[in-house]
Structures are given as C-alpha cells and as structure tokens.
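Shown next: query21.cif, containing mmCIF, C-alpha atoms.
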data_input
#
loop_
_atom_site.group_PDB
_atom_site.id
_atom_site.type_symbol
_atom_site.label_atom_id
_atom_site.label_comp_id
_atom_site.auth_asym_id
_atom_site.auth_seq_id
_atom_site.Cartn_x
_atom_site.Cartn_y
_atom_site.Cartn_z
ATOM 1 C CA MET A 312 -61.767 51.920 31.673
ATOM 2 C CA GLU A 313 -63.507 52.210 28.290
ATOM 3 C CA LEU A 314 -66.073 54.971 27.688
ATOM 4 C CA PHE A 315 -68.905 54.848 25.142
ATOM 5 C CA GLU A 316 -71.583 57.396 24.226
ATOM 6 C CA TRP A 317 -74.607 57.248 21.929
ATOM 7 C CA ILE A 318 -77.368 59.721 21.011
ATOM 8 C CA LEU A 319 -80.395 57.671 19.950
ATOM 9 C CA ASP A 320 -82.318 58.344 16.743
ATOM 10 C CA GLU A 321 -85.642 57.005 15.431
ATOM 11 C CA THR A 322 -84.131 53.578 14.574
ATOM 12 C CA ALA A 323 -83.940 52.801 18.321
ATOM 13 C CA GLN A 324 -87.412 54.142 19.205
ATOM 14 C CA ASN A 325 -89.253 51.898 21.739
ATOM 15 C CA GLU A 326 -86.562 49.194 21.531
ATOM 16 C CA ARG A 327 -85.448 47.608 24.802
ATOM 17 C CA LEU A 328 -82.134 49.240 25.670
ATOM 18 C CA ASP A 329 -80.307 45.990 26.510
ATOM 19 C CA LYS A 330 -81.454 44.443 23.220
ATOM 20 C CA TRP A 331 -80.502 47.531 21.208
ATOM 21 C CA LEU A 332 -77.011 47.689 22.694
ATOM 22 C CA ALA A 333 -76.374 43.987 22.139
ATOM 23 C CA SER A 334 -77.385 44.324 18.479
ATOM 24 C CA GLU A 335 -75.392 47.550 18.085
ATOM 25 C CA GLU A 336 -72.198 45.987 19.427
ATOM 26 C CA ASN A 337 -71.949 42.387 18.227
ATOM 27 C CA ASP A 338 -69.304 41.429 20.787
ATOM 28 C CA TRP A 339 -71.669 42.154 23.682
ATOM 29 C CA SER A 340 -74.428 39.830 24.848
ATOM 30 C CA ARG A 341 -77.652 41.055 26.444
ATOM 31 C CA THR A 342 -76.670 39.316 29.669
ATOM 32 C CA GLN A 343 -73.408 41.282 29.770
ATOM 33 C CA VAL A 344 -75.233 44.555 29.051
ATOM 34 C CA GLN A 345 -77.746 43.784 31.818
ATOM 35 C CA GLN A 346 -74.861 43.164 34.228
ATOM 36 C CA TRP A 347 -73.349 46.578 33.414
ATOM 37 C CA MET A 348 -76.754 48.188 33.959
ATOM 38 C CA LYS A 349 -77.198 46.404 37.272
ATOM 39 C CA GLU A 350 -73.776 47.638 38.417
ATOM 40 C CA GLY A 351 -74.646 51.246 37.490
ATOM 41 C CA ASN A 352 -72.093 51.494 34.677
ATOM 42 C CA LEU A 353 -74.706 52.577 32.139
ATOM 43 C CA THR A 354 -76.831 55.723 32.314
ATOM 44 C CA VAL A 355 -79.588 57.243 30.193
ATOM 45 C CA ASN A 356 -79.623 61.045 30.308
ATOM 46 C CA GLY A 357 -77.496 60.825 33.450
ATOM 47 C CA SER A 358 -79.714 58.337 35.310
ATOM 48 C CA VAL A 359 -79.380 54.601 35.958
ATOM 49 C CA VAL A 360 -82.252 52.640 34.344
ATOM 50 C CA LYS A 361 -83.458 49.038 34.332
ATOM 51 C CA SER A 362 -82.595 46.671 31.475
ATOM 52 C CA ASN A 363 -86.169 46.774 30.111
ATOM 53 C CA TYR A 364 -85.986 50.556 29.579
ATOM 54 C CA LYS A 365 -87.564 51.524 26.232
ATOM 55 C CA CYS A 366 -85.347 53.763 24.092
ATOM 56 C CA GLN A 367 -86.545 57.248 23.148
ATOM 57 C CA ILE A 368 -85.324 59.548 20.384
ATOM 58 C CA GLY A 369 -82.657 61.897 21.706
ATOM 59 C CA ASP A 370 -81.680 59.738 24.690
ATOM 60 C CA LYS A 371 -78.034 60.145 25.622
ATOM 61 C CA ILE A 372 -76.511 56.795 26.570
ATOM 62 C CA ASN A 373 -73.227 56.660 28.482
ATOM 63 C CA LEU A 374 -71.440 53.421 29.289
ATOM 64 C CA GLU A 375 -68.303 52.932 31.359
ATOM 65 C CA ILE A 376 -66.784 49.467 31.035
ATOM 66 C CA PRO A 377 -64.506 48.878 34.032
ATOM 67 C CA GLU A 378 -61.130 47.239 33.725
ATOM 68 C CA PRO A 379 -61.408 43.450 33.967
ATOM 69 C CA GLN A 380 -61.006 42.347 37.555
ATOM 70 C CA LEU A 381 -58.010 40.101 38.053
ATOM 71 C CA LEU A 382 -59.085 36.629 39.035
ATOM 72 C CA ASP A 383 -57.758 35.626 42.441
ATOM 73 C CA VAL A 384 -58.632 32.025 41.691
ATOM 74 C CA GLU A 385 -55.615 29.974 40.648
ATOM 75 C CA PRO A 386 -55.789 27.299 37.936
ATOM 76 C CA GLU A 387 -55.251 23.808 39.345
ATOM 77 C CA GLU A 388 -54.401 20.751 37.305
ATOM 78 C CA MET A 389 -57.150 18.164 37.867
ATOM 79 C CA ASN A 390 -58.144 14.914 36.225
ATOM 80 C CA LEU A 391 -61.519 16.229 35.038
ATOM 81 C CA ASP A 392 -64.001 13.911 33.316
ATOM 82 C CA ILE A 393 -64.657 16.013 30.199
ATOM 83 C CA VAL A 394 -67.606 14.487 28.353
ATOM 84 C CA TYR A 395 -67.721 16.980 25.447
ATOM 85 C CA GLU A 396 -65.811 20.086 24.406
ATOM 86 C CA ASP A 397 -65.564 22.473 21.471
ATOM 87 C CA GLU A 398 -64.776 26.187 21.119
ATOM 88 C CA HIS A 399 -68.193 27.205 22.504
ATOM 89 C CA VAL A 400 -69.236 24.781 25.246
ATOM 90 C CA LEU A 401 -67.892 22.113 27.533
ATOM 91 C CA VAL A 402 -69.720 19.332 29.418
ATOM 92 C CA VAL A 403 -68.079 17.864 32.501
ATOM 93 C CA ASN A 404 -69.049 14.986 34.778
ATOM 94 C CA LYS A 405 -68.505 16.417 38.284
ATOM 95 C CA PRO A 406 -67.555 14.007 41.083
ATOM 96 C CA ARG A 407 -69.352 13.976 44.426
ATOM 97 C CA GLY A 408 -67.613 16.154 46.993
ATOM 98 C CA MET A 409 -66.360 18.816 44.571
ATOM 99 C CA VAL A 410 -67.608 22.401 44.953
ATOM 100 C CA VAL A 411 -68.517 23.976 41.589
ATOM 101 C CA HIS A 412 -67.211 27.508 42.068
ATOM 102 C CA PRO A 413 -65.008 29.290 44.618
ATOM 103 C CA ALA A 414 -66.296 31.571 47.337
ATOM 104 C CA PRO A 415 -64.396 34.180 49.353
ATOM 105 C CA GLY A 416 -62.146 32.306 51.753
ATOM 106 C CA HIS A 417 -62.473 29.082 49.756
ATOM 107 C CA LEU A 418 -60.597 29.597 46.518
ATOM 108 C CA THR A 419 -59.055 26.186 45.841
ATOM 109 C CA GLY A 420 -60.113 22.681 44.873
ATOM 110 C CA THR A 421 -63.252 23.733 42.995
ATOM 111 C CA LEU A 422 -64.408 22.755 39.531
ATOM 112 C CA VAL A 423 -63.633 26.297 38.354
ATOM 113 C CA ASN A 424 -59.988 25.894 39.461
ATOM 114 C CA GLY A 425 -59.775 22.749 37.353
ATOM 115 C CA LEU A 426 -61.551 24.313 34.372
ATOM 116 C CA MET A 427 -59.177 27.297 34.422
ATOM 117 C CA ALA A 428 -56.219 24.929 34.131
ATOM 118 C CA HIS A 429 -57.942 22.871 31.431
ATOM 119 C CA CYS A 430 -58.962 25.746 29.156
ATOM 120 C CA LYS A 431 -58.084 29.426 28.980
ATOM 121 C CA ASP A 432 -61.343 30.571 27.389
ATOM 122 C CA LEU A 433 -64.344 30.773 29.713
ATOM 123 C CA SER A 434 -67.288 33.160 29.649
ATOM 124 C CA GLY A 435 -66.847 36.107 32.009
ATOM 125 C CA ILE A 436 -70.535 36.953 32.455
ATOM 126 C CA ASN A 437 -70.849 35.451 35.919
ATOM 127 C CA GLY A 438 -67.866 37.356 37.273
ATOM 128 C CA VAL A 439 -64.428 36.455 38.502
ATOM 129 C CA LEU A 440 -65.418 33.627 40.834
ATOM 130 C CA ARG A 441 -67.722 31.815 38.410
ATOM 131 C CA PRO A 442 -66.217 32.026 34.909
ATOM 132 C CA GLY A 443 -68.162 29.909 32.435
ATOM 133 C CA ILE A 444 -70.609 28.619 35.034
ATOM 134 C CA VAL A 445 -74.159 28.621 33.607
ATOM 135 C CA HIS A 446 -75.802 26.455 36.276
ATOM 136 C CA ARG A 447 -74.438 24.443 39.157
ATOM 137 C CA ILE A 448 -75.040 21.270 41.102
ATOM 138 C CA ASP A 449 -74.484 20.849 44.819
ATOM 139 C CA LYS A 450 -71.134 19.813 46.238
ATOM 140 C CA ASP A 451 -72.329 16.305 47.156
ATOM 141 C CA THR A 452 -74.357 15.781 43.983
ATOM 142 C CA SER A 453 -72.427 14.183 41.136
ATOM 143 C CA GLY A 454 -73.054 14.419 37.434
ATOM 144 C CA LEU A 455 -73.254 16.440 34.244
ATOM 145 C CA LEU A 456 -72.767 20.180 34.075
ATOM 146 C CA MET A 457 -72.592 22.492 31.044
ATOM 147 C CA VAL A 458 -69.998 25.278 30.884
ATOM 148 C CA ALA A 459 -69.882 28.267 28.499
ATOM 149 C CA LYS A 460 -66.585 29.179 26.844
ATOM 150 C CA ASN A 461 -67.696 32.584 25.552
ATOM 151 C CA ASP A 462 -70.367 35.143 26.410
ATOM 152 C CA LYS A 463 -72.619 34.410 23.429
ATOM 153 C CA ALA A 464 -72.726 30.721 24.344
ATOM 154 C CA HIS A 465 -73.371 31.660 27.968
ATOM 155 C CA GLU A 466 -76.359 33.798 27.052
ATOM 156 C CA SER A 467 -77.804 31.061 24.827
ATOM 157 C CA LEU A 468 -77.506 28.387 27.521
ATOM 158 C CA VAL A 469 -78.975 30.670 30.210
ATOM 159 C CA ASN A 470 -81.934 31.459 27.950
ATOM 160 C CA GLN A 471 -82.507 27.749 27.313
ATOM 161 C CA LEU A 472 -82.649 27.196 31.081
ATOM 162 C CA LYS A 473 -85.137 30.068 31.419
ATOM 163 C CA ASP A 474 -87.231 28.778 28.518
ATOM 164 C CA LYS A 475 -87.193 25.229 30.005
ATOM 165 C CA THR A 476 -85.821 23.708 26.805
ATOM 166 C CA THR A 477 -82.853 21.952 28.418
ATOM 167 C CA THR A 478 -83.085 18.323 29.530
ATOM 168 C CA ARG A 479 -81.884 17.630 33.080
ATOM 169 C CA ILE A 480 -82.585 14.181 34.482
ATOM 170 C CA TYR A 481 -81.279 12.980 37.846
ATOM 171 C CA LYS A 482 -81.165 9.580 39.496
ATOM 172 C CA GLY A 483 -81.680 9.393 43.242
ATOM 173 C CA ILE A 484 -82.351 7.018 46.113
ATOM 174 C CA ALA A 485 -85.200 8.238 48.331
ATOM 175 C CA HIS A 486 -86.217 7.128 51.811
ATOM 176 C CA GLY A 487 -89.419 5.103 51.997
ATOM 177 C CA VAL A 488 -91.454 3.357 49.335
ATOM 178 C CA ILE A 489 -93.043 5.814 46.907
ATOM 179 C CA ALA A 490 -96.501 4.528 45.980
ATOM 180 C CA HIS A 491 -97.018 6.304 42.644
ATOM 181 C CA ASP A 492 -95.142 5.215 39.534
ATOM 182 C CA HIS A 493 -95.043 8.799 38.248
ATOM 183 C CA GLY A 494 -95.694 12.157 39.822
ATOM 184 C CA THR A 495 -95.171 15.907 39.587
ATOM 185 C CA ILE A 496 -94.186 18.021 42.573
ATOM 186 C CA GLU A 497 -95.223 21.616 41.977
ATOM 187 C CA ALA A 498 -94.363 23.635 45.080
ATOM 188 C CA PRO A 499 -92.619 27.043 45.350
ATOM 189 C CA ILE A 500 -89.191 27.125 46.998
ATOM 190 C CA GLY A 501 -87.657 29.928 49.058
ATOM 191 C CA ARG A 502 -85.199 30.542 51.865
ATOM 192 C CA ASP A 503 -86.047 28.856 55.203
ATOM 193 C CA LYS A 504 -86.751 31.571 57.820
ATOM 194 C CA GLN A 505 -85.564 29.295 60.638
ATOM 195 C CA ASP A 506 -82.361 28.269 58.841
ATOM 196 C CA ARG A 507 -80.964 30.727 56.312
ATOM 197 C CA GLN A 508 -78.600 28.064 54.949
ATOM 198 C CA SER A 509 -81.539 25.881 53.896
ATOM 199 C CA MET A 510 -84.361 26.129 51.374
ATOM 200 C CA THR A 511 -87.952 25.088 51.970
ATOM 201 C CA VAL A 512 -91.374 24.935 50.327
ATOM 202 C CA THR A 513 -92.995 28.274 51.138
ATOM 203 C CA ASP A 514 -95.249 30.957 49.664
ATOM 204 C CA VAL A 515 -93.076 33.737 51.146
ATOM 205 C CA ASN A 516 -90.370 35.235 48.880
ATOM 206 C CA SER A 517 -90.339 32.046 46.836
ATOM 207 C CA ARG A 518 -90.093 31.044 43.186
ATOM 208 C CA ASP A 519 -92.096 28.453 41.280
ATOM 209 C CA ALA A 520 -90.495 25.019 41.241
ATOM 210 C CA VAL A 521 -91.574 21.899 39.325
ATOM 211 C CA THR A 522 -90.041 18.412 39.569
ATOM 212 C CA HIS A 523 -91.314 15.351 37.675
ATOM 213 C CA PHE A 524 -90.398 11.917 39.053
ATOM 214 C CA THR A 525 -90.603 8.309 37.893
ATOM 215 C CA VAL A 526 -90.084 5.249 40.095
ATOM 216 C CA ILE A 527 -87.405 2.906 38.716
ATOM 217 C CA GLU A 528 -87.256 0.329 41.516
ATOM 218 C CA ARG A 529 -88.967 -0.132 44.886
ATOM 219 C CA LEU A 530 -86.891 -1.619 47.709
ATOM 220 C CA LYS A 531 -87.627 -2.456 51.345
ATOM 221 C CA ASP A 532 -87.222 1.021 52.848
ATOM 222 C CA PHE A 533 -86.054 3.000 49.827
ATOM 223 C CA THR A 534 -87.041 3.851 46.245
ATOM 224 C CA LEU A 535 -84.750 4.327 43.263
ATOM 225 C CA ILE A 536 -86.192 7.208 41.237
ATOM 226 C CA GLU A 537 -85.544 9.392 38.226
ATOM 227 C CA CYS A 538 -86.292 13.125 38.522
ATOM 228 C CA ARG A 539 -86.671 15.534 35.613
ATOM 229 C CA LEU A 540 -86.243 19.208 36.409
ATOM 230 C CA GLU A 541 -88.634 21.659 34.795
ATOM 231 C CA THR A 542 -87.173 24.522 36.842
ATOM 232 C CA GLY A 543 -83.797 24.791 38.525
ATOM 233 C CA ARG A 544 -84.079 26.177 42.042
ATOM 234 C CA THR A 545 -81.413 25.805 44.712
ATOM 235 C CA HIS A 546 -81.601 22.299 46.264
ATOM 236 C CA GLN A 547 -84.834 21.741 44.296
ATOM 237 C CA ILE A 548 -84.956 17.927 44.154
ATOM 238 C CA ARG A 549 -83.725 17.615 47.742
ATOM 239 C CA VAL A 550 -86.366 20.048 49.052
ATOM 240 C CA HIS A 551 -89.219 18.623 46.960
ATOM 241 C CA LEU A 552 -88.538 15.023 48.007
ATOM 242 C CA LYS A 553 -88.410 16.054 51.666
ATOM 243 C CA TYR A 554 -91.702 17.897 51.118
ATOM 244 C CA ILE A 555 -93.485 14.717 49.973
ATOM 245 C CA GLY A 556 -91.994 12.723 52.855
ATOM 246 C CA HIS A 557 -89.307 10.889 50.870
ATOM 247 C CA PRO A 558 -85.996 12.728 51.421
ATOM 248 C CA LEU A 559 -82.877 11.541 49.643
ATOM 249 C CA ALA A 560 -80.732 8.857 51.254
ATOM 250 C CA GLY A 561 -77.604 10.318 52.834
ATOM 251 C CA ASP A 562 -78.828 13.938 52.632
ATOM 252 C CA PRO A 563 -77.236 15.683 55.652
ATOM 253 C CA LYS A 564 -79.412 18.798 55.358
ATOM 254 C CA TYR A 565 -82.857 17.525 54.343
ATOM 255 C CA GLY A 566 -82.714 13.878 55.402
ATOM 256 C CA PRO A 567 -84.391 12.310 58.453
ATOM 257 C CA PRO A 568 -83.403 13.828 61.844
ATOM 258 C CA ARG A 569 -82.334 10.364 62.986
ATOM 259 C CA THR A 570 -79.459 9.923 60.566
ATOM 260 C CA LEU A 571 -79.012 6.409 59.265
ATOM 261 C CA LYS A 572 -75.392 5.399 58.775
ATOM 262 C CA LEU A 573 -75.232 4.802 55.032
ATOM 263 C CA PRO A 574 -72.168 3.975 52.921
ATOM 264 C CA ILE A 575 -72.225 7.271 51.025
ATOM 265 C CA GLU A 576 -70.937 10.781 51.744
ATOM 266 C CA GLY A 577 -73.805 13.193 51.093
ATOM 267 C CA GLN A 578 -77.085 12.743 49.228
ATOM 268 C CA ALA A 579 -77.557 9.888 46.740
ATOM 269 C CA LEU A 580 -78.245 12.131 43.755
ATOM 270 C CA HIS A 581 -76.627 12.091 40.313
ATOM 271 C CA ALA A 582 -77.212 14.349 37.288
ATOM 272 C CA ALA A 583 -77.405 11.508 34.754
ATOM 273 C CA VAL A 584 -78.720 13.155 31.561
ATOM 274 C CA LEU A 585 -78.051 16.624 30.168
ATOM 275 C CA GLY A 586 -79.452 17.907 26.884
ATOM 276 C CA PHE A 587 -79.349 21.333 25.213
ATOM 277 C CA THR A 588 -79.254 23.028 21.828
ATOM 278 C CA HIS A 589 -75.737 23.934 20.734
ATOM 279 C CA PRO A 590 -75.405 27.763 20.894
ATOM 280 C CA ALA A 591 -73.588 28.019 17.552
ATOM 281 C CA THR A 592 -74.743 25.119 15.380
ATOM 282 C CA GLY A 593 -78.338 24.698 16.605
ATOM 283 C CA GLU A 594 -77.768 20.947 16.920
ATOM 284 C CA ARG A 595 -79.510 19.164 19.788
ATOM 285 C CA LEU A 596 -76.921 17.520 22.046
ATOM 286 C CA THR A 597 -77.726 14.958 24.750
ATOM 287 C CA PHE A 598 -75.222 13.376 27.125
ATOM 288 C CA GLU A 599 -75.601 10.607 29.677
ATOM 289 C CA ARG A 600 -73.334 9.302 32.436
ATOM 290 C CA ASP A 601 -74.062 6.408 34.769
ATOM 291 C CA VAL A 602 -74.139 6.816 38.547
ATOM 292 C CA PRO A 603 -70.754 6.737 40.365
ATOM 293 C CA GLU A 604 -69.400 3.757 42.290
ATOM 294 C CA ASP A 605 -70.513 4.921 45.747
ATOM 295 C CA PHE A 606 -74.102 5.320 44.491
ATOM 296 C CA THR A 607 -74.007 1.790 43.007
ATOM 297 C CA HIS A 608 -72.489 0.407 46.227
ATOM 298 C CA LEU A 609 -75.240 1.981 48.351
ATOM 299 C CA LEU A 610 -77.912 0.645 46.006
ATOM 300 C CA ASN A 611 -76.468 -2.876 46.170
ATOM 301 C CA GLU A 612 -76.314 -2.754 49.972
ATOM 302 C CA ILE A 613 -79.977 -1.705 50.115
ATOM 303 C CA ARG A 614 -80.936 -4.468 47.687
ATOM 304 C CA LYS A 615 -79.254 -7.057 49.940
ATOM 305 C CA THR A 616 -81.464 -6.063 52.880
ATOM 306 C CA SER A 617 -84.565 -6.023 50.682
ATOM 307 C CA HIS A 618 -84.550 -9.759 49.977
#
Translate this structure into structure tokens?
Amino acid sequence: MELFEWILDETAQNERLDKWLASEENDWSRTQVQQWMKEGNLTVNGSVVKSNYKCQIGDKINLEIPEPQLLDVEPEEMNLDIVYEDEHVLVVNKPRGMVVHPAPGHLTGTLVNGLMAHCKDLSGINGVLRPGIVHRIDKDTSGLLMVAKNDKAHESLVNQLKDKTTTRIYKGIAHGVIAHDHGTIEAPIGRDKQDRQSMTVTDVNSRDAVTHFTVIERLKDFTLIECRLETGRTHQIRVHLKYIGHPLAGDPKYGPPRTLKLPIEGQALHAAVLGFTHPATGERLTFERDVPEDFTHLLNEIRKTSH
C-alpha cells in the first residue's frame, strides 16, 4: 500500500479536491481520484469527503492507495474484429451473443477476456472485472465499442459520453409500422419495480433518457430504423421502442408477450456508427460497420413476406 500526505496552502484554496489532486499528480486522472474517495481511501482532516469538496488552507489530506487487486479473469485468445487501435484507444466490433465484461461466477468467454489476450495495456479505472471498458452494449446487441488503454484516455472518453459529444448510431428492426419519418423519444428510464432485471420508463428513481430515430424502410409488419443515442442508459433503445409500442424484433425481454419465431437470436439491434474525439490528438474519429449476417437474413425474410 502506498501512503501520501499533503498540507494545503493558499494555491489550493476553493479548488475541487479531485481536480487539485489530478493536477498535482499527473499520473492520476480525476476519475481515479474519485474512485479512491468513494472507497474511503482518501480523508481530509481525518474524515471521508465527497469528490466535490472545496479545498481549504491548512487541510491535511491523507491518501492510501491499496495494492492492485489481482485479476481473476484469464486472457483468452479470440478472433476479435479490431476496427482501430493505437496506444490510447481501441475500437472493436462485438458479435451478437458475446458478453462485454465478466461477472462473479461468469469469468470466461467475454470481450474483456479476449481484450486481455489481445493487449496488455487496459485502463484500470473500472476495476478488475471491467478493465478498459468505458461503455458497454448488451450481450445480444452487436456492433462498435470503444475501449480505453490508459486512465487518461478512459477519463476523456467518459467525459465525452457525459457531455454528449460522442456519436452512437444504431440500426434496428422494430415491430409494427412506424408512422413518423423522424422522432425523438424523451422519457426517463429506471429499474422496473415488478422485475428488477428489467428497465422501464418511470419517474421513480430514474434518469433522463433521449433517443432520436429515423425510419429507413417500412415493411409489412416491421420497420427498419436508425436510432441515435443522446444519452446512454441501460437497455435505452430497447425500452424506448417498447414504450412507443414498437419493440425490437427478437427482443426476449421487451418484445411482444406472444413471441414470434424469428431467425435471429436476441434483439435485432446493431451499433453501426461510433464517433469520438481522440483523447491524445484531439482528432475526430468516426467508424462504421454494417449489420451482421443474421440481421441481414432476418431483414430479407421480412422483405419476402412484405411483397
């Protein structure tokens, strides 16, 4: 364990503590400092404080950095579809059916296992089970995902998500014929009281959620759409489309109670476009990957019945 101590002078007066520490120690990001504060490893005058604490002259800051926790997750060689990679970030096209990060009792076969075998340098901010993971997409959603290879890159990408400056566009096949060519679904999402494994539109313990959609093609009983995320809540597109009466085809959790047998495992949803500002160079990067074969097959089958 590493121990650090500071006595603050007038140069730190009224500065946010997490910001001051991150600027004082260049190897630390604000996100990492906030994590230490949340875990109670940092005290001010002997007391645990929140990350927005304003520094005062004479404050005594103590920080205990615990030994890195050994990762129980084993690297696994996988044929990953790496779309882009440099020393700071990596973009991968995740297949349908792959879980993004391990969970206790389920430590193999995830994207993280494959990433650990592919590269040794991943950001540790999100802990031992989610190294490098900035955001995630559901197991049965395919598509583009950005991964941070160091803590500074991680913090930059997380802040871009918070500031809504990333581009995340999905393609999906929805039940029913959507009448409007364009629309915005603005409805808060929270945990479903009746089913704790599901999310729902609710005003109780919820967070704002905004999804913009555009109709690409109308078919007999389905609509091919494009959805642009303004926020990134758990199951957001799936919940929002159910909310407007057009759940995703193949969605086992939010689809129609009377399940139609469709030639696809899981929801027809693909993260097709991903754009962000490079954490080190400031360059705007945008990547695009077409829908996978099973999505195309389902779409062609629906088109056959539409004529």
Under the PyMOL selection byres ((chain A and resi 345-355) around 8), which residues of this model are included? Write them out as a list in words. Asp329, Arg341, Thr342, Gln343, Val344, Asn356, Gly357, Ser358, Val359, Val360, Lys361, Ser362, Asp370, Lys371, Ile372, Asn373, Leu374, Glu375, Ile376 and Ile436 of chain A
Write out as JSON lines a residue-level contact list of region 479-595 of chain A versus region 443-450 of chain A with cut-off 10 Å: for each qualifying residue the closest pair of atoms and the distance in Å to one decimal, counting only C-alpha atoms, rows sorted by chain and residue number upward.
{"residue": "A:Gly543", "atom": "CA", "partner": "A:His446", "partner_atom": "CA", "distance": 8.5}
{"residue": "A:Thr545", "atom": "CA", "partner": "A:Asp449", "partner_atom": "CA", "distance": 8.5}
{"residue": "A:His546", "atom": "CA", "partner": "A:Asp449", "partner_atom": "CA", "distance": 7.4}
{"residue": "A:Gly577", "atom": "CA", "partner": "A:Lys450", "partner_atom": "CA", "distance": 8.6}
{"residue": "A:Gln578", "atom": "CA", "partner": "A:Asp449", "partner_atom": "CA", "distance": 9.6}
{"residue": "A:Leu580", "atom": "CA", "partner": "A:Asp449", "partner_atom": "CA", "distance": 9.6}
{"residue": "A:His581", "atom": "CA", "partner": "A:Ile448", "partner_atom": "CA", "distance": 9.3}
{"residue": "A:Ala582", "atom": "CA", "partner": "A:Ile448", "partner_atom": "CA", "distance": 8.2}
Using C-alpha atoms, can you export the residues from the last selection as an mmCIF file, in the frame of the given file?
data_model
loop_
_atom_site.group_PDB
_atom_site.id
_atom_site.type_symbol
_atom_site.label_atom_id
_atom_site.label_comp_id
_atom_site.auth_asym_id
_atom_site.auth_seq_id
_atom_site.Cartn_x
_atom_site.Cartn_y
_atom_site.Cartn_z
ATOM 1 C CA GLY A 543 -83.797 24.791 38.525
ATOM 2 C CA THR A 545 -81.413 25.805 44.712
ATOM 3 C CA HIS A 546 -81.601 22.299 46.264
ATOM 4 C CA GLY A 577 -73.805 13.193 51.093
ATOM 5 C CA GLN A 578 -77.085 12.743 49.228
ATOM 6 C CA LEU A 580 -78.245 12.131 43.755
ATOM 7 C CA HIS A 581 -76.627 12.091 40.313
ATOM 8 C CA ALA A 582 -77.212 14.349 37.288
#
So for region 468-485 of chain A, what box centre and size do we get, axis-aligned, 5 Å extra on each of the six sides, every listed atom, Å to one decimal, as JSON?
{"center_x": -82.4, "center_y": 19.2, "center_z": 37.6, "size_x": 19.7, "size_y": 34.4, "size_z": 31.5}
Using the chain letters and numbers from the file, which residues does the PyMOL selection byres ((chain A and resi 387-390) around 8) grab, as a VMD selection string? chain A and resid 385 to 386 391 to 392 419 to 420 424 to 425 427 to 429
Selection: 7 Å around Val512 (chain A), only C-alpha atoms, excl. self and same-chain fewer than 5 positions, as a list in words: Ala498, Pro499, Ile500 and Gly501 of chain A
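What separates CA of Val526 (chain A) from CA of Val411 (chain A) is a distance of 28.6 Å.
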